[in-house]
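K.L.:
Structure: data.txt, compact mmCIF, C-alpha atoms.
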# COMPACT_ATOMS: atom_id res chain seq x y z
CA MET G 479 -21.01 -32.49 11.58
CA GLY G 480 -18.45 -34.80 9.92
CA ASN G 481 -15.19 -36.05 11.33
CA GLN G 482 -13.10 -34.77 8.41
CA TYR G 483 -11.98 -31.13 8.07
CA SER G 484 -10.18 -29.40 5.24
CA GLN G 485 -7.02 -27.39 5.95
CA ASP G 486 -9.04 -24.23 5.44
CA ASP G 487 -11.71 -25.38 7.92
CA VAL G 488 -9.07 -26.24 10.52
CA GLN G 489 -7.46 -22.81 10.18
CA GLN G 490 -10.78 -21.03 10.53
CA ILE G 491 -11.86 -23.10 13.54
CA LEU G 492 -8.52 -22.59 15.30
CA ARG G 493 -8.53 -18.87 14.49
CA LEU G 494 -12.00 -18.55 16.08
CA ALA G 495 -10.97 -20.62 19.12
CA ILE G 496 -7.85 -18.52 19.69
CA ALA G 497 -9.85 -15.30 19.23
CA ARG G 498 -12.41 -16.44 21.83
CA GLN G 499 -9.72 -17.58 24.25
CA THR G 500 -7.87 -14.29 24.06
CA HIS G 501 -10.94 -12.06 23.80
CA GLU G 502 -10.24 -10.41 27.15
CA GLN G 503 -6.59 -9.83 26.21
CA ASP G 504 -5.51 -7.70 23.29
CA ASP G 505 -2.16 -9.39 22.71
CA LEU G 506 -0.47 -12.69 23.40
CA SER G 507 3.01 -12.95 24.82
CA ARG G 508 5.75 -14.92 23.07
CA SER G 509 5.54 -17.58 25.79
CA GLN G 510 1.76 -17.89 25.25
CA LEU G 511 2.36 -18.28 21.52
CA LEU G 512 4.93 -21.00 22.19
CA GLU G 513 2.52 -22.72 24.58
CA ILE G 514 -0.29 -22.73 21.99
CA ALA G 515 2.07 -24.03 19.32
CA ASP G 516 3.31 -26.76 21.66
CA GLU G 517 -0.26 -27.82 22.48
CA MET G 518 -0.97 -28.03 18.75
CA GLY G 519 2.11 -30.20 18.21
CA PHE G 520 4.33 -27.62 16.47
CA SER G 521 8.02 -27.55 17.23
CA ALA G 522 9.74 -24.31 18.20
CA GLN G 523 11.58 -24.41 14.86
CA GLU G 524 8.31 -24.71 12.90
CA LEU G 525 6.90 -21.80 14.86
CA ASP G 526 10.04 -19.71 14.21
CA GLU G 527 9.83 -20.43 10.47
CA ALA G 528 6.14 -19.53 10.41
CA GLU G 529 6.84 -16.35 12.38
CA ARG G 530 9.61 -15.31 9.96
CA ALA G 531 7.29 -15.92 6.99
CA TRP G 532 4.56 -13.90 8.74
CA LEU G 533 6.96 -11.01 9.43
CA LEU G 534 8.06 -10.94 5.77
CA ARG G 535 4.43 -10.93 4.65
CA LYS G 536 3.60 -8.21 7.18
CA ASP G 537 6.52 -6.06 5.96
CA GLN G 538 5.44 -6.60 2.35
CA MET G 539 1.87 -5.55 3.16
CA GLY G 540 3.15 -2.45 4.95
CA LEU G 541 5.22 -1.47 1.92
CA GLU G 542 2.25 -2.08 -0.38
CA GLU G 543 0.14 0.21 1.83
CA GLN G 544 2.80 2.92 1.56
CA PHE G 545 2.94 2.42 -2.21
CA ASP G 546 -0.85 2.68 -2.50
CA LEU G 547 -0.89 5.87 -0.39
CA TYR G 548 1.89 7.34 -2.53
CA ARG G 549 -0.06 6.63 -5.73
CA GLN G 550 -3.28 8.03 -4.27
CA GLN G 551 -1.52 11.23 -3.16
CA ARG G 552 -0.04 11.66 -6.65
CA PHE G 553 -3.49 11.20 -8.19
CA LYS G 554 -5.02 13.75 -5.80
CA GLN G 555 -2.28 16.23 -6.73
CA SER G 556 -2.96 15.65 -10.44
CA SER G 557 -6.70 16.07 -9.87
CA THR G 558 -6.15 19.32 -7.98
CA LYS G 559 -3.95 20.70 -10.77
CA TYR G 560 -6.60 19.66 -13.30
CA LEU G 561 -9.34 21.51 -11.41
CA ILE G 562 -7.29 24.65 -10.85
CA VAL G 563 -5.93 24.99 -14.38
CA ASN G 564 -9.19 24.10 -16.08
CA GLY G 565 -11.17 26.36 -13.78
CA PHE G 566 -8.88 29.21 -14.80
CA LEU G 567 -9.21 28.34 -18.51
CA VAL G 568 -13.01 28.18 -18.30
CA ALA G 569 -13.01 31.57 -16.55
CA LEU G 570 -10.84 33.00 -19.36
CA ASP G 571 -13.17 31.56 -21.99
CA LEU G 572 -16.23 32.99 -20.25
CA MET G 573 -14.63 36.41 -19.79
CA ALA G 574 -13.76 36.45 -23.48
CA GLY G 575 -17.49 36.15 -24.07
CA GLY G 576 -17.37 33.20 -26.40
CA GLY G 577 -18.66 30.51 -24.05
CA LEU G 578 -16.59 27.39 -23.74
CA GLY G 579 -14.08 27.35 -26.56
CA PHE G 580 -10.52 26.18 -26.35
CA SER G 581 -10.91 25.25 -22.66
CA LEU G 582 -13.35 22.50 -23.61
CA TYR G 583 -10.62 20.75 -25.64
CA VAL G 584 -8.20 20.98 -22.72
CA ILE G 585 -10.82 19.72 -20.27
CA VAL G 586 -11.67 16.71 -22.43
CA GLY G 587 -8.10 15.81 -23.39
CA TRP G 588 -6.62 16.25 -19.94
CA GLY G 589 -9.71 14.62 -18.39
CA LEU G 590 -9.17 11.50 -20.47
CA GLY G 591 -5.56 11.29 -19.29
CA LEU G 592 -6.64 11.89 -15.69
CA THR G 593 -9.26 9.16 -15.98
CA MET G 594 -6.61 6.69 -17.14
CA GLU G 595 -4.35 7.75 -14.27
CA GLY G 596 -7.23 7.19 -11.84
CA ARG G 597 -7.76 3.71 -13.25
CA ARG G 598 -4.07 2.92 -12.85
CA THR G 599 -4.17 4.26 -9.30
CA TYR G 600 -7.30 2.58 -7.97
CA ALA G 601 -7.93 -0.45 -10.21
CA LEU G 602 -4.42 -1.72 -10.94
CA LYS G 603 -3.90 -5.39 -10.07
CA GLY G 604 -1.82 -8.39 -10.97
CA GLU G 605 1.46 -8.28 -12.85
CA GLU G 606 1.21 -4.60 -13.74
CA TYR G 607 0.72 -3.71 -10.05
CA ASP G 608 3.66 -5.92 -9.08
CA ARG G 609 5.87 -4.36 -11.77
CA ARG G 610 5.03 -0.81 -10.67
CA PHE G 611 5.43 -1.74 -7.00
CA GLN G 612 8.90 -3.20 -7.61
CA LYS G 613 9.91 -0.09 -9.59
CA TRP G 614 8.68 2.17 -6.74
CA ARG G 615 10.48 -0.02 -4.19
CA ARG G 616 13.79 0.21 -6.11
CA LYS G 617 13.47 4.01 -6.45
CA ARG G 618 12.67 4.27 -2.74
CA ALA G 619 15.68 2.12 -1.77
CA LEU G 620 17.96 4.16 -4.06
CA LYS G 621 16.69 7.42 -2.56
CA GLN G 622 17.25 6.08 0.97
CA SER G 623 20.80 5.02 0.05
CA VAL G 624 21.62 8.41 -1.48
CA ASP G 625 20.09 10.20 1.51
CA GLY G 626 22.18 8.05 3.86
CA ILE G 627 25.39 8.84 1.97
CA VAL G 628 24.59 12.57 1.82
CA ASN G 629 23.80 12.62 5.54
CA ARG G 630 27.13 10.96 6.33
CA ILE G 631 29.08 13.35 4.09
CA LEU G 632 27.35 16.62 5.03
CA PRO G 633 27.84 16.45 8.81
CA ALA G 634 31.52 15.68 8.23
CA SER G 635 31.92 18.69 5.91
CA LEU G 636 30.01 21.02 8.25
CA SER G 637 32.36 20.32 11.16
Hey, can you dump this file as structure tokens for me?
P.N.:
Amino acid sequence: MGNQYSQDDVQQILRLAIARQTHEQDDLSRSQLLEIADEMGFSAQELDEAERAWLLRKDQMGLEEQFDLYRQQRFKQSSTKYLIVNGFLVALDLMAGGGLGFSLYVIVGWGLGLTMEGRRTYALKGEEYDRRFQKWRRKRALKQSVDGIVNRILPASLS
């Protein structure tokens, strides 16, 4: 084992050491966190800055999870509509006695669109993901603002 460690190695070693030290406990208190930071030579200000950055990252990840769930729910709804409508069209085709006729064109055309939607839902990454996430976030913030205004106005008008 050498005497030199990369930043990544140091982080991994410290993460493992902290995990082993706190294995019996689920959570650390703020004072324990300050004590660990002090032992590692971090100032309270450095710890506060790191904690703020961590909270922002945690909030961002939470919003991204909500965004992903929203997209997945929309895709499931689209898939359900696809199955119901196309099942009905296939039944109509079969009852008409001609086998699969016009319903086959609908199944293939709509299926292609649904496949592309599935790709955008489950395989979207990078700039396109970020652009769609920001658009969803703005719409969500606007909806929350409008809901807040409506909720302030309605109770006043109901009184």
K.L.:
If you count all atoms listed in the file, which residues fall within 12 Å of G:Gly589, apart from same-chain ones fewer than 5 positions away, as a list of chain:residue names?
P.N.:
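In the requested form, the answer reads G:Ser556, G:Ser557, G:Thr558, G:Lys559, G:Tyr560, G:Leu561, G:Val563, G:Asn564, G:Ser581, G:Leu582, G:Tyr583, G:Val584, G:Met594, G:Glu595, G:Gly596.
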K.L.:
Under the rule that all atoms listed in the file are counted, which of G:Tyr600, G:Tyr483, G:Trp588, G:Phe545 is the nearest residue to G:Arg616?
P.N.:
G:Phe545
K.L.:
I'd like the interatomic distance between atom CA of G:Gly565 and atom CA of G:Leu602, to a tenth of an Å.
P.N.:
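Computing it gives 29.0 Å between the two atoms.
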K.L.:
If you measure from atom CA of G:Ser484 to atom CA of G:Gly519, what distance in Å do you get, rounded to one decimal?
P.N.:
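Rounded to one decimal, the two atoms are 17.9 Å apart.
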K.L.:
Using Å and a single decimal, report how far atom CA of G:Asp537 sits from atom CA of G:Ser509.
P.N.:
23.0 Å
K.L.:
Considering only C-alpha atoms, state which residue in the set G:Arg549, G:Lys554, G:Arg493, G:Lys617 is at the smallest distance from G:Thr599.
P.N.:
G:Arg549
K.L.:
Between G:Ala619, G:Asp487, G:Val628, G:Phe611, single out the one closest to G:Gln538, counting all atoms listed in the file.
P.N.:
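The closest residue to G:Gln538 is G:Phe611.
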K.L.:
When distances are computed from all atoms listed in the file, which of G:Arg508, G:Arg535, G:Lys603, G:Arg598 shows the smallest separation from G:Ala522?
P.N.:
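Nearest candidate to G:Ala522 out of G:Arg508, G:Arg535, G:Lys603, G:Arg598: G:Arg508.
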K.L.:
With N, CA and C atoms as the target, complete stretch 610-626 of chain G and hand it back as a PDB file, keeping the file's coordinate frame.
P.N.:
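Just written: selection-v4.pdb:
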ATOM      1  N   ARG G 610       4.948  -2.198 -11.154  1.00  0.00           N
ATOM      2  CA  ARG G 610       5.030  -0.810 -10.670  1.00  0.00           C
ATOM      3  C   ARG G 610       5.476  -0.743  -9.208  1.00  0.00           C
ATOM      4  N   PHE G 611       5.024  -1.700  -8.405  1.00  0.00           N
ATOM      5  CA  PHE G 611       5.430  -1.740  -7.000  1.00  0.00           C
ATOM      6  C   PHE G 611       6.929  -1.968  -6.888  1.00  0.00           C
ATOM      7  N   GLN G 612       7.465  -2.920  -7.653  1.00  0.00           N
ATOM      8  CA  GLN G 612       8.900  -3.200  -7.610  1.00  0.00           C
ATOM      9  C   GLN G 612       9.707  -1.995  -8.076  1.00  0.00           C
ATOM     10  N   LYS G 613       9.234  -1.294  -9.109  1.00  0.00           N
ATOM     11  CA  LYS G 613       9.910  -0.090  -9.590  1.00  0.00           C
ATOM     12  C   LYS G 613       9.924   0.982  -8.493  1.00  0.00           C
ATOM     13  N   TRP G 614       8.780   1.191  -7.834  1.00  0.00           N
ATOM     14  CA  TRP G 614       8.680   2.170  -6.740  1.00  0.00           C
ATOM     15  C   TRP G 614       9.609   1.768  -5.596  1.00  0.00           C
ATOM     16  N   ARG G 615       9.643   0.475  -5.292  1.00  0.00           N
ATOM     17  CA  ARG G 615      10.480  -0.020  -4.190  1.00  0.00           C
ATOM     18  C   ARG G 615      11.959   0.214  -4.481  1.00  0.00           C
ATOM     19  N   ARG G 616      12.391  -0.036  -5.738  1.00  0.00           N
ATOM     20  CA  ARG G 616      13.790   0.210  -6.110  1.00  0.00           C
ATOM     21  C   ARG G 616      14.122   1.694  -6.015  1.00  0.00           C
ATOM     22  N   LYS G 617      13.233   2.559  -6.528  1.00  0.00           N
ATOM     23  CA  LYS G 617      13.470   4.010  -6.450  1.00  0.00           C
ATOM     24  C   LYS G 617      13.557   4.461  -5.003  1.00  0.00           C
ATOM     25  N   ARG G 618      12.704   3.912  -4.162  1.00  0.00           N
ATOM     26  CA  ARG G 618      12.670   4.270  -2.740  1.00  0.00           C
ATOM     27  C   ARG G 618      13.971   3.833  -2.063  1.00  0.00           C
ATOM     28  N   ALA G 619      14.434   2.631  -2.358  1.00  0.00           N
ATOM     29  CA  ALA G 619      15.680   2.120  -1.770  1.00  0.00           C
ATOM     30  C   ALA G 619      16.866   2.955  -2.242  1.00  0.00           C
ATOM     31  N   LEU G 620      16.887   3.325  -3.530  1.00  0.00           N
ATOM     32  CA  LEU G 620      17.960   4.160  -4.060  1.00  0.00           C
ATOM     33  C   LEU G 620      17.975   5.525  -3.375  1.00  0.00           C
ATOM     34  N   LYS G 621      16.791   6.111  -3.226  1.00  0.00           N
ATOM     35  CA  LYS G 621      16.690   7.420  -2.560  1.00  0.00           C
ATOM     36  C   LYS G 621      17.174   7.328  -1.112  1.00  0.00           C
ATOM     37  N   GLN G 622      16.804   6.259  -0.413  1.00  0.00           N
ATOM     38  CA  GLN G 622      17.250   6.080   0.970  1.00  0.00           C
ATOM     39  C   GLN G 622      18.764   5.911   1.037  1.00  0.00           C
ATOM     40  N   SER G 623      19.344   5.201   0.079  1.00  0.00           N
ATOM     41  CA  SER G 623      20.800   5.020   0.050  1.00  0.00           C
ATOM     42  C   SER G 623      21.508   6.341  -0.191  1.00  0.00           C
ATOM     43  N   VAL G 624      21.014   7.106  -1.170  1.00  0.00           N
ATOM     44  CA  VAL G 624      21.620   8.410  -1.480  1.00  0.00           C
ATOM     45  C   VAL G 624      21.471   9.341  -0.285  1.00  0.00           C
ATOM     46  N   ASP G 625      20.290   9.360   0.332  1.00  0.00           N
ATOM     47  CA  ASP G 625      20.090  10.200   1.510  1.00  0.00           C
ATOM     48  C   ASP G 625      21.047   9.821   2.635  1.00  0.00           C
ATOM     49  N   GLY G 626      21.263   8.511   2.822  1.00  0.00           N
ATOM     50  CA  GLY G 626      22.180   8.050   3.860  1.00  0.00           C
ATOM     51  C   GLY G 626      23.608   8.494   3.593  1.00  0.00           C
TER      52      GLY G 626
END
